[in-house]
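A.B. asks: Dropping in upload.txt, with compact mmCIF, C-alpha atoms and all ligand atoms.
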# COMPACT_ATOMS: atom_id res chain seq x y z
CA MET A 390 8.09 -8.70 10.72
CA TRP A 391 11.56 -8.91 12.24
CA ARG A 392 10.98 -12.65 12.69
CA TYR A 393 12.20 -12.73 9.06
CA ARG A 394 15.27 -10.57 9.63
CA GLU A 395 17.60 -13.15 8.08
CA ALA A 396 15.88 -12.35 4.79
CA LEU A 397 16.26 -8.56 5.29
CA PRO A 398 19.34 -6.74 3.97
CA ILE A 399 20.30 -5.11 7.27
CA GLN A 400 23.43 -5.50 9.44
CA ALA A 401 23.21 -8.61 11.63
CA ASN A 402 24.01 -6.58 14.77
CA ALA A 403 21.66 -3.68 14.00
CA SER A 404 18.91 -3.03 16.54
CA PRO A 405 15.63 -2.79 14.68
CA VAL A 406 13.48 0.32 15.09
CA THR A 407 10.21 -1.49 15.58
CA LEU A 408 6.69 -0.73 16.82
CA GLY A 409 5.44 -4.30 16.37
CA GLU A 410 4.59 -3.99 12.66
CA GLY A 411 3.73 -7.11 10.66
CA MET A 412 2.24 -10.53 11.41
CA THR A 413 -1.17 -8.95 10.89
CA PRO A 414 -4.21 -11.28 10.90
CA LEU A 415 -5.22 -13.26 7.82
CA ILE A 416 -9.00 -13.67 8.01
CA GLU A 417 -11.13 -15.85 5.75
CA ARG A 418 -14.55 -14.56 4.64
CA THR A 419 -17.01 -15.55 1.95
CA TRP A 420 -17.25 -13.12 -0.94
CA GLY A 421 -20.26 -13.97 -3.01
CA ARG A 422 -20.05 -17.75 -3.05
CA HIS A 423 -16.26 -17.77 -2.88
CA SER A 424 -13.78 -17.76 -0.05
CA VAL A 425 -11.27 -14.92 0.22
CA HIS A 426 -8.49 -14.43 2.77
CA PHE A 427 -8.13 -10.81 3.87
CA LYS A 428 -4.72 -9.71 5.11
CA LEU A 429 -5.42 -6.99 7.66
CA ASP A 430 -2.41 -4.74 7.17
CA TYR A 431 -4.51 -1.77 8.22
CA LEU A 432 -3.84 -3.05 11.74
CA CYS A 433 -0.16 -2.12 11.55
CA PRO A 434 0.87 0.34 14.33
CA SER A 435 0.34 3.56 12.36
CA GLY A 436 -2.69 2.22 10.49
CA SER A 437 -1.15 1.19 7.17
CA PHE A 438 1.26 -1.33 5.61
CA LYS A 439 3.78 1.52 5.16
CA ASP A 440 5.10 0.57 8.62
CA ARG A 441 6.78 -2.51 7.14
CA GLY A 442 8.95 -0.43 4.84
CA ASN A 443 9.58 2.40 7.26
CA SER A 444 10.70 0.10 10.09
CA ILE A 445 13.63 -1.10 7.97
CA LEU A 446 14.23 2.31 6.37
CA VAL A 447 14.54 4.05 9.74
CA THR A 448 16.62 1.17 11.14
CA ASN A 449 19.03 1.71 8.26
CA ALA A 450 19.04 5.50 8.84
CA THR A 451 20.01 5.03 12.50
CA GLU A 452 22.77 2.61 11.42
CA MET A 453 24.12 5.43 9.24
CA GLU A 454 23.84 7.82 12.23
CA ILE A 455 21.40 10.06 10.41
CA ASP A 456 19.51 12.35 12.77
CA HIS A 457 17.08 14.13 10.45
CA VAL A 458 14.86 12.54 7.79
CA LEU A 459 12.52 13.90 5.16
CA GLU A 460 9.63 12.16 3.45
CA ASP A 461 6.91 13.12 0.99
CA SER A 462 3.64 11.30 0.92
CA SER A 463 -0.02 11.42 0.11
CA GLY A 464 -0.51 10.80 3.85
CA ASN A 465 0.06 7.32 5.26
CA ALA A 466 3.75 7.03 4.46
CA GLY A 467 4.39 10.39 6.12
CA ALA A 468 2.34 9.51 9.19
CA SER A 469 4.19 6.20 9.41
CA MET A 470 7.61 7.81 8.93
CA ALA A 471 6.76 10.33 11.66
CA ALA A 472 5.98 7.45 14.03
CA TYR A 473 9.22 5.56 13.31
CA ALA A 474 11.33 8.74 13.40
CA ALA A 475 9.78 9.49 16.80
CA ALA A 476 10.52 5.95 17.97
CA ALA A 477 14.15 6.37 16.92
CA GLY A 478 14.47 9.95 18.21
CA LEU A 479 15.07 11.47 14.76
CA ARG A 480 13.91 14.85 13.48
CA CYS A 481 11.37 14.41 10.71
CA ASP A 482 9.91 16.61 7.98
CA VAL A 483 6.86 15.40 6.08
CA TYR A 484 5.69 16.97 2.81
CA VAL A 485 2.05 16.35 1.88
CA PRO A 486 -0.31 17.67 -0.80
CA GLU A 487 -2.64 20.32 0.65
CA GLN A 488 -5.78 18.16 0.21
CA THR A 489 -4.42 15.25 2.29
CA SER A 490 -6.88 13.80 4.84
CA PRO A 491 -6.62 15.75 8.11
CA GLY A 492 -6.38 12.46 10.03
CA LYS A 493 -3.03 11.67 8.43
CA VAL A 494 -1.62 15.19 8.80
CA THR A 495 -2.60 15.38 12.48
CA GLN A 496 -1.07 11.97 13.09
CA ALA A 497 2.30 13.06 11.64
CA ALA A 498 2.20 16.33 13.58
CA ALA A 499 1.31 14.54 16.82
CA HIS A 500 4.47 12.44 16.47
CA GLY A 501 6.42 15.70 16.37
CA ALA A 502 7.09 15.84 12.64
CA HIS A 503 7.26 19.16 10.87
CA VAL A 504 4.46 18.94 8.29
CA ALA A 505 4.74 21.04 5.12
CA LYS A 506 1.49 21.26 3.17
CA ILE A 507 2.31 21.85 -0.48
CA VAL A 508 -0.02 23.75 -2.77
CA GLY A 509 -0.65 21.57 -5.82
CA ASN A 510 -0.85 17.85 -6.46
CA ARG A 511 1.16 14.79 -5.42
CA ARG A 512 3.78 15.53 -8.07
CA ASP A 513 4.30 19.11 -6.90
CA THR A 514 4.79 17.70 -3.41
CA ALA A 515 7.47 15.30 -4.62
CA ILE A 516 9.29 18.11 -6.42
CA ALA A 517 9.28 20.28 -3.27
CA ALA A 518 10.59 17.37 -1.19
CA GLU A 519 13.35 16.55 -3.66
CA LYS A 520 14.53 20.15 -3.52
CA ALA A 521 14.57 20.13 0.32
CA ALA A 522 16.45 16.82 0.20
CA ASP A 523 19.56 18.67 -0.97
CA SER A 524 20.39 19.14 2.71
CA VAL A 525 18.32 16.51 4.60
CA TYR A 526 18.32 12.70 4.26
CA TYR A 527 15.55 11.80 1.82
CA ALA A 528 13.90 8.78 3.46
CA SER A 529 11.63 8.31 0.49
CA HIS A 530 9.45 5.22 0.48
CA ASN A 531 9.11 5.55 -3.28
CA TRP A 532 12.83 5.79 -4.11
CA ASN A 533 14.56 3.81 -1.37
CA PRO A 534 14.75 0.12 -2.31
CA LEU A 535 14.97 -0.87 1.36
CA PHE A 536 11.32 0.08 1.72
CA LEU A 537 10.38 -2.74 -0.69
CA GLU A 538 12.52 -5.15 1.32
CA GLY A 539 10.39 -4.41 4.37
CA VAL A 540 7.13 -4.72 2.43
CA LYS A 541 8.17 -8.13 1.07
CA THR A 542 7.58 -9.62 4.54
CA VAL A 543 3.86 -9.50 3.76
CA ALA A 544 4.45 -12.32 1.25
CA PHE A 545 6.29 -14.44 3.84
CA GLU A 546 3.46 -13.96 6.33
CA ILE A 547 0.74 -14.88 3.83
CA TRP A 548 2.66 -18.04 2.99
CA GLU A 549 3.23 -18.90 6.65
CA GLN A 550 -0.37 -18.15 7.67
CA LEU A 551 -1.74 -20.34 4.87
CA GLY A 552 0.19 -23.24 6.40
CA TRP A 553 3.33 -22.71 4.28
CA GLN A 554 1.30 -22.72 1.09
CA ARG A 555 1.28 -20.30 -1.80
CA PRO A 556 -2.05 -18.60 -2.59
CA ASP A 557 -3.24 -18.75 -6.21
CA GLN A 558 -3.67 -15.00 -6.45
CA VAL A 559 -2.94 -11.92 -4.37
CA VAL A 560 -4.96 -8.74 -4.93
CA VAL A 561 -3.38 -5.44 -3.84
CA PRO A 562 -3.90 -1.71 -4.48
CA ALA A 563 -1.20 -0.05 -6.59
CA GLY A 564 -0.06 3.56 -6.88
CA TYR A 565 3.74 3.71 -6.89
CA GLY A 566 3.59 -0.07 -6.60
CA SER A 567 5.45 -0.97 -3.39
CA LEU A 568 2.92 -3.62 -2.36
CA ILE A 569 3.06 -5.24 -5.79
CA LEU A 570 6.85 -5.18 -5.91
CA GLY A 571 7.09 -6.23 -2.26
CA CYS A 572 4.88 -9.25 -2.96
CA TYR A 573 6.91 -10.01 -6.06
CA LEU A 574 10.21 -9.87 -4.14
CA GLY A 575 8.87 -11.95 -1.23
CA PHE A 576 7.24 -14.69 -3.29
CA SER A 577 10.20 -14.77 -5.70
CA LEU A 578 12.54 -15.42 -2.78
CA LEU A 579 10.30 -18.24 -1.55
CA LYS A 580 10.40 -19.70 -5.04
CA GLU A 581 14.19 -19.38 -5.29
CA GLN A 582 14.48 -21.22 -1.99
CA GLY A 583 12.32 -24.03 -3.35
CA LEU A 584 9.56 -23.32 -0.82
CA ILE A 585 6.86 -22.69 -3.44
CA ALA A 586 6.67 -24.06 -6.96
CA ARG A 587 5.56 -20.87 -8.69
CA LEU A 588 4.48 -17.31 -7.99
CA PRO A 589 0.86 -16.47 -7.17
CA ARG A 590 -0.91 -14.34 -9.77
CA LEU A 591 -0.32 -10.72 -8.70
CA VAL A 592 -3.38 -8.55 -9.33
CA ALA A 593 -2.63 -4.82 -9.07
CA VAL A 594 -5.62 -2.52 -8.62
CA GLN A 595 -5.71 1.18 -9.49
CA THR A 596 -8.33 3.90 -9.38
CA ALA A 597 -9.72 4.67 -12.85
CA ALA A 598 -9.18 8.34 -11.98
CA CYS A 599 -5.42 7.80 -12.17
CA SER A 600 -4.37 4.54 -13.76
CA PRO A 601 -1.12 4.80 -15.72
CA LEU A 602 -0.27 1.16 -14.96
CA ALA A 603 -3.66 -0.21 -16.00
CA ARG A 604 -3.50 1.82 -19.21
CA ALA A 605 -0.02 0.56 -20.08
CA TRP A 606 -1.08 -2.98 -19.22
CA ALA A 607 -4.18 -2.85 -21.41
CA ALA A 608 -2.15 -1.43 -24.29
CA GLY A 609 0.58 -4.06 -23.91
CA TRP A 610 3.33 -1.46 -23.41
CA ASN A 611 6.62 -2.16 -21.67
CA ASP A 612 6.86 1.26 -20.11
CA VAL A 613 4.45 3.53 -18.25
CA PRO A 614 3.85 7.03 -19.64
CA PRO A 615 2.28 9.62 -17.28
CA VAL A 616 -1.47 10.31 -17.12
CA GLU A 617 -3.53 13.34 -16.08
CA PRO A 618 -5.21 12.57 -12.76
CA GLU A 619 -8.94 13.11 -12.07
CA PRO A 620 -10.32 13.60 -8.55
CA THR A 621 -10.76 10.35 -6.58
CA MET A 622 -11.62 9.06 -3.10
CA ALA A 623 -8.63 6.75 -3.33
CA GLU A 624 -6.01 9.36 -2.42
CA GLY A 625 -3.37 6.81 -1.40
CA ILE A 626 -2.91 5.40 -4.90
CA VAL A 627 -2.81 8.62 -6.89
CA CYS A 628 0.45 8.37 -8.83
CA THR A 629 0.60 9.84 -12.32
CA GLN A 630 3.78 7.95 -13.24
CA PRO A 631 5.34 5.27 -11.01
CA LEU A 632 9.13 5.39 -10.65
CA ARG A 633 9.45 1.66 -11.31
CA GLY A 634 6.96 1.33 -14.14
CA GLN A 635 8.89 -1.21 -16.22
CA ALA A 636 9.66 -3.36 -13.19
CA LEU A 637 5.99 -3.32 -12.16
CA LEU A 638 4.71 -4.40 -15.56
CA LYS A 639 7.32 -7.14 -15.67
CA ALA A 640 6.51 -8.38 -12.15
CA VAL A 641 2.79 -8.65 -12.91
CA ARG A 642 3.46 -10.30 -16.28
CA THR A 643 5.94 -12.81 -14.83
CA SER A 644 3.39 -13.81 -12.19
CA GLY A 645 0.65 -14.35 -14.78
CA GLY A 646 -1.35 -11.60 -13.08
CA GLU A 647 -3.11 -8.49 -14.32
CA ILE A 648 -3.73 -4.81 -13.64
CA LEU A 649 -7.26 -3.47 -13.11
CA ALA A 650 -8.74 0.03 -12.79
CA ILE A 651 -11.81 0.74 -10.63
CA GLU A 652 -14.41 3.51 -11.07
CA GLU A 653 -15.40 5.78 -8.15
CA ASP A 654 -18.83 4.24 -7.61
CA ALA A 655 -17.34 0.77 -7.39
CA ILE A 656 -14.72 1.97 -4.90
CA TRP A 657 -17.47 3.27 -2.65
CA GLN A 658 -19.43 0.05 -3.04
CA GLY A 659 -16.29 -1.91 -2.18
CA LEU A 660 -15.80 0.14 0.98
CA GLN A 661 -19.37 -0.57 2.06
CA ASP A 662 -19.07 -4.28 1.29
CA LEU A 663 -15.88 -4.53 3.34
CA ALA A 664 -17.46 -2.57 6.19
CA SER A 665 -20.42 -4.99 6.03
CA SER A 666 -17.94 -7.82 6.58
CA GLY A 667 -16.42 -6.02 9.60
CA PHE A 668 -13.41 -4.46 7.85
CA TYR A 669 -13.14 -0.67 8.22
CA VAL A 670 -10.67 0.53 5.60
CA GLU A 671 -9.96 3.77 3.80
CA PRO A 672 -11.30 4.29 0.25
CA THR A 673 -7.84 3.61 -1.21
CA SER A 674 -7.90 0.08 0.20
CA ALA A 675 -11.46 -0.52 -0.97
CA VAL A 676 -10.35 -0.84 -4.61
CA VAL A 677 -9.39 -4.45 -3.88
CA ALA A 678 -12.98 -5.30 -2.90
CA ALA A 679 -14.22 -3.91 -6.21
CA ALA A 680 -11.51 -5.93 -7.96
CA LEU A 681 -12.72 -9.10 -6.20
CA ASP A 682 -16.20 -8.38 -7.60
CA LEU A 683 -14.78 -7.92 -11.11
CA LEU A 684 -12.93 -11.24 -10.88
CA LYS A 685 -16.01 -12.91 -9.41
CA ASN A 686 -18.31 -11.63 -12.16
CA GLU A 687 -15.89 -12.88 -14.80
CA GLY A 688 -15.71 -16.30 -13.13
CA ARG A 689 -12.08 -15.84 -12.18
CA LEU A 690 -12.29 -15.80 -8.40
CA HIS A 691 -11.29 -19.44 -7.98
CA GLY A 692 -8.56 -21.07 -5.95
CA CYS A 693 -7.03 -19.46 -2.90
CA THR A 694 -7.30 -15.67 -3.13
CA VAL A 695 -5.68 -13.22 -0.72
CA ALA A 696 -6.70 -9.55 -0.69
CA VAL A 697 -4.44 -7.14 1.17
CA LEU A 698 -6.31 -4.43 3.12
CA SER A 699 -3.73 -1.67 3.24
CA GLY A 700 -5.00 1.24 5.38
CA THR A 701 -7.47 1.93 8.18
CA GLY A 702 -10.73 3.80 7.67
CA LEU A 703 -10.22 5.73 10.89
CA LYS A 704 -8.02 8.35 9.20
CA ALA A 705 -10.51 8.95 6.40
CA THR A 706 -13.48 9.95 8.55
CA ASP A 707 -13.99 13.16 6.55
CA LYS A 708 -14.14 11.35 3.19
CA ILE A 709 -16.28 8.49 4.45
CA THR A 710 -18.68 10.89 6.19
CA ARG A 711 -19.07 12.91 3.00
CA ALA A 712 -19.66 9.82 0.89
CA LEU A 713 -22.17 8.42 3.37
CA ALA A 714 -24.05 11.71 3.43
CA GLU A 715 -24.17 11.98 -0.37
CA ARG A 716 -25.19 8.42 -1.03
CA ALA A 717 -27.32 7.49 1.97
CA PRO A 718 -29.66 10.43 2.65
CA GLU A 719 -31.64 8.41 5.20
CA LEU A 720 -28.71 8.64 7.64
CA PRO A 721 -28.93 10.73 10.82
CA LYS A 722 -28.61 14.50 10.28
CA GLU A 723 -25.32 14.73 12.22
CA LEU A 724 -23.64 12.87 9.38
CA HIS A 725 -24.69 15.44 6.78
C1 LIG B 1 0.55 3.91 -0.01
C2 LIG B 1 -0.70 3.17 0.01
C3 LIG B 1 -1.08 2.31 -1.03
C4 LIG B 1 -0.30 2.16 -2.30
O1 LIG B 1 1.06 1.86 -2.15
P1 LIG B 1 1.99 2.09 -3.42
O2 LIG B 1 3.34 1.74 -2.99
O3 LIG B 1 1.89 3.56 -3.78
O4 LIG B 1 1.47 1.27 -4.52
C5 LIG B 1 -2.24 1.59 -0.88
N1 LIG B 1 -3.02 1.71 0.19
C6 LIG B 1 -2.71 2.53 1.21
C7 LIG B 1 -3.63 2.63 2.37
C8 LIG B 1 -1.55 3.30 1.15
O5 LIG B 1 -1.25 4.12 2.15
Using structure tokens, write down the structure that the file contains.
Ligand SMILES: *Cc1c(COP(=O)(O)O)cnc(C)c1O

C.D. replies:
Amino acid sequence: MWRYREALPIQANASPVTLGEGMTPLIERTWGRHSVHFKLDYLCPSGSFKDRGNSILVTNATEMEIDHVLEDSSGNAGASMAAYAAAAGLRCDVYVPEQTSPGKVTQAAAHGAHVAKIVGNRRDTAIAAEKAADSVYYASHNWNPLFLEGVKTVAFEIWEQLGWQRPDQVVVPAGYGSLILGCYLGFSLLKEQGLIARLPRLVAVQTAACSPLARAWAAGWNDVPPVEPEPTMAEGIVCTQPLRGQALLKAVRTSGGEILAIEEDAIWQGLQDLASSGFYVEPTSAVVAAALDLLKNEGRLHGCTVAVLSGTGLKATDKITRALAERAPELPKELH
């Protein structure tokens, strides 16, 4: 992604902390009778798009001569931060909710991070991290605006890989909303520079089990009140109240897009459909496949559609195994 460093707000002489994140493949597949381009961000070095934001965040931390960072996460952001902190030789503490997928916790620990499992939900984890951040640099992907600047490179790449063309719509999962805001920033910059005529429609996809953005969108509100979360497979987008709620609603509205919420059964179906196309993603990422089906069934899957696949399935083996066992009893016994 550092091919776009002139568009990144980082010192010109800074040496990037990079593991080769970005410029992930854009692969065209048929979806029903339509064509969809899948952006394979689950192939980033740590297995999720979070590497885009953390590469620039950790680069900035080393510029400030910080030697110890702290992050809280539902899993992928912490695993990614642990990787970039290790690459830069920084100490790293990662706070995760206790039910986080073991694959993500082990990954962070393997990179040498100190992992604190917090009893309670994602919000309790954030509160514990904010308290600890009194004395350690809080390298929060949700608060630090530099993270969004890294994520915006996904928009540049989509544009470049489509032959310097804007897609008509981009479908992304949304919890705290960094992919949505990153796409908004990236495509807005392209528009400002006169490189595209208008923004693609930004379609944000939530899990129905926790969908404060979709609720606010449907109600036509300008702000996003908190919701009570239900259990969901899509652990990476559980956010009861995004920090940038107003900005998110405005970004989607400005783009002419929309915000959808997906039920559990449809998430699982989406995961299977993606796997049947060769894409092995985690349940969180599978919400976009279900959203493609919704758009298709309503006759709105026309033009050039890009769906961002945000995280690898390899870290969610436990969840995928359980779901396979519950829903496909004919599978071999070892999977039960
Ligand atoms: C973090 C994450 C998301 C959601 O990103 P937000 O910034 O919270 O909207 C989506 N998919 C995966 C795999 C993630 O790790």

A.B. asks: Mind pulling up the distance from CA of Val485 in chain A to CA of Val504 in chain A?

C.D. replies: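 Separation of CA of Val504 in chain A and CA of Val485 in chain A: 7.3 Å.
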
A.B. asks: Could you list, as a CSV table (one decimal) with C-alpha atoms, in the frame of the given file, all residues that come within 8 Å of ligand LIG 1 (chain B)? Count all atoms listed in the file.

C.D. replies:
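Now in part_1.csv:
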chain,number,residue,atom,x,y,z
A,431,TYR,CA,-4.5,-1.8,8.2
A,437,SER,CA,-1.2,1.2,7.2
A,438,PHE,CA,1.3,-1.3,5.6
A,439,LYS,CA,3.8,1.5,5.2
A,463,SER,CA,0.0,11.4,0.1
A,464,GLY,CA,-0.5,10.8,3.8
A,465,ASN,CA,0.1,7.3,5.3
A,466,ALA,CA,3.8,7.0,4.5
A,530,HIS,CA,9.4,5.2,0.5
A,531,ASN,CA,9.1,5.6,-3.3
A,561,VAL,CA,-3.4,-5.4,-3.8
A,562,PRO,CA,-3.9,-1.7,-4.5
A,563,ALA,CA,-1.2,0.0,-6.6
A,564,GLY,CA,-0.1,3.6,-6.9
A,565,TYR,CA,3.7,3.7,-6.9
A,566,GLY,CA,3.6,-0.1,-6.6
A,567,SER,CA,5.4,-1.0,-3.4
A,568,LEU,CA,2.9,-3.6,-2.4
A,569,ILE,CA,3.1,-5.2,-5.8
A,625,GLY,CA,-3.4,6.8,-1.4
A,626,ILE,CA,-2.9,5.4,-4.9
A,627,VAL,CA,-2.8,8.6,-6.9
A,628,CYS,CA,0.4,8.4,-8.8
A,671,GLU,CA,-10.0,3.8,3.8
A,673,THR,CA,-7.8,3.6,-1.2
A,674,SER,CA,-7.9,0.1,0.2
A,698,LEU,CA,-6.3,-4.4,3.1
A,699,SER,CA,-3.7,-1.7,3.2
A,700,GLY,CA,-5.0,1.2,5.4
A,701,THR,CA,-7.5,1.9,8.2

A.B. asks: Which is closest to Pro615 in chain A among A:Ala499, A:Asp456, A:Arg590, A:Arg512, if we use all atoms listed in the file?

C.D. replies: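 That would be A:Arg512, the residue with the smallest distance to Pro615 in chain A.
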
A.B. asks: If you measure from CA of Pro672 in chain A to CA of Trp657 in chain A, what distance in Å do you get, rounded to one decimal?

C.D. replies: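 Between CA of Pro672 in chain A and CA of Trp657 in chain A the gap is 6.9 Å.
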
A.B. asks: A:Asp557, A:Leu579, A:Arg422, A:Val458: which is nearest Ala521 in chain A, counting all atoms listed in the file?

C.D. replies: A:Val458

A.B. asks: What is the CA of Gly442 in chain A to CA of Glu653 in chain A distance in Å?

C.D. replies: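 About the pair CA of Gly442 in chain A and CA of Glu653 in chain A: they are 28.3 Å apart.
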
A.B. asks: Hey, what's within 9 Å of range 632-646 of chain A if we count all atoms listed in the file and toss same-chain stuff fewer than 6 positions away? As a list in words, please?

C.D. replies: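 Returned residues: Asn531, Trp532, Gln558, Val559, Tyr565, Gly566, Ile569, Leu570, Tyr573, Leu574, Arg587, Leu588, Pro589, Arg590, Leu591, Val592, Ala593, Pro601, Leu602, Ala605, Trp606, Trp610, Asn611, Asp612, Val613 and Pro614 of chain A.
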
A.B. asks: For Asn443 in chain A, work out the shell of residues within 8 Å, counting only C-alpha atoms and skipping chain neighbours fewer than 5 positions away, then give it as a list in words.

C.D. replies: Ala466, Ser469, Met470, Tyr473, His530, Phe536 and Gly539 of chain A

A.B. asks: Which residue is closest to Met453 in chain A? Choose from A:Ala403, A:Ala675, A:Ala502, A:Met622 and count only C-alpha atoms.

C.D. replies: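 Among the listed residues, A:Ala403 lies closest to Met453 in chain A.
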
A.B. asks: Counting only C-alpha atoms, which residue out of A:Val494, A:Ala477, A:Leu720, A:Leu459 sits closest to Glu519 in chain A?

C.D. replies: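 Checking each of A:Val494, A:Ala477, A:Leu720, A:Leu459 against Glu519 in chain A, counting only C-alpha atoms, the winner is A:Leu459.
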
A.B. asks: So which residues touch Trp548 in chain A within 12 Å, counting only C-alpha atoms, skipping near sequence neighbours fewer than 6 positions away, as a ChimeraX atom specification?

C.D. replies: /A:412,415,426,428,541-542,554-559,572,575-580,584-585,588-589,693-695

A.B. asks: Keeping C-alpha atoms, export the residues of the selection given above as an mmCIF file, in the frame of the given file.

C.D. replies:
data_model
loop_
_atom_site.group_PDB
_atom_site.id
_atom_site.type_symbol
_atom_site.label_atom_id
_atom_site.label_comp_id
_atom_site.auth_asym_id
_atom_site.auth_seq_id
_atom_site.Cartn_x
_atom_site.Cartn_y
_atom_site.Cartn_z
ATOM 1 C CA MET A 412 2.240 -10.530 11.410
ATOM 2 C CA LEU A 415 -5.220 -13.260 7.820
ATOM 3 C CA HIS A 426 -8.490 -14.430 2.770
ATOM 4 C CA LYS A 428 -4.720 -9.710 5.110
ATOM 5 C CA LYS A 541 8.170 -8.130 1.070
ATOM 6 C CA THR A 542 7.580 -9.620 4.540
ATOM 7 C CA GLN A 554 1.300 -22.720 1.090
ATOM 8 C CA ARG A 555 1.280 -20.300 -1.800
ATOM 9 C CA PRO A 556 -2.050 -18.600 -2.590
ATOM 10 C CA ASP A 557 -3.240 -18.750 -6.210
ATOM 11 C CA GLN A 558 -3.670 -15.000 -6.450
ATOM 12 C CA VAL A 559 -2.940 -11.920 -4.370
ATOM 13 C CA CYS A 572 4.880 -9.250 -2.960
ATOM 14 C CA GLY A 575 8.870 -11.950 -1.230
ATOM 15 C CA PHE A 576 7.240 -14.690 -3.290
ATOM 16 C CA SER A 577 10.200 -14.770 -5.700
ATOM 17 C CA LEU A 578 12.540 -15.420 -2.780
ATOM 18 C CA LEU A 579 10.300 -18.240 -1.550
ATOM 19 C CA LYS A 580 10.400 -19.700 -5.040
ATOM 20 C CA LEU A 584 9.560 -23.320 -0.820
ATOM 21 C CA ILE A 585 6.860 -22.690 -3.440
ATOM 22 C CA LEU A 588 4.480 -17.310 -7.990
ATOM 23 C CA PRO A 589 0.860 -16.470 -7.170
ATOM 24 C CA CYS A 693 -7.030 -19.460 -2.900
ATOM 25 C CA THR A 694 -7.300 -15.670 -3.130
ATOM 26 C CA VAL A 695 -5.680 -13.220 -0.720
#

A.B. asks: Return the single residue from A:Thr710, A:Thr448, A:Thr419, A:Ser462 that is closest to Ile399 in chain A, with distances computed using all atoms listed in the file.

C.D. replies: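 Among the listed residues, A:Thr448 lies closest to Ile399 in chain A.
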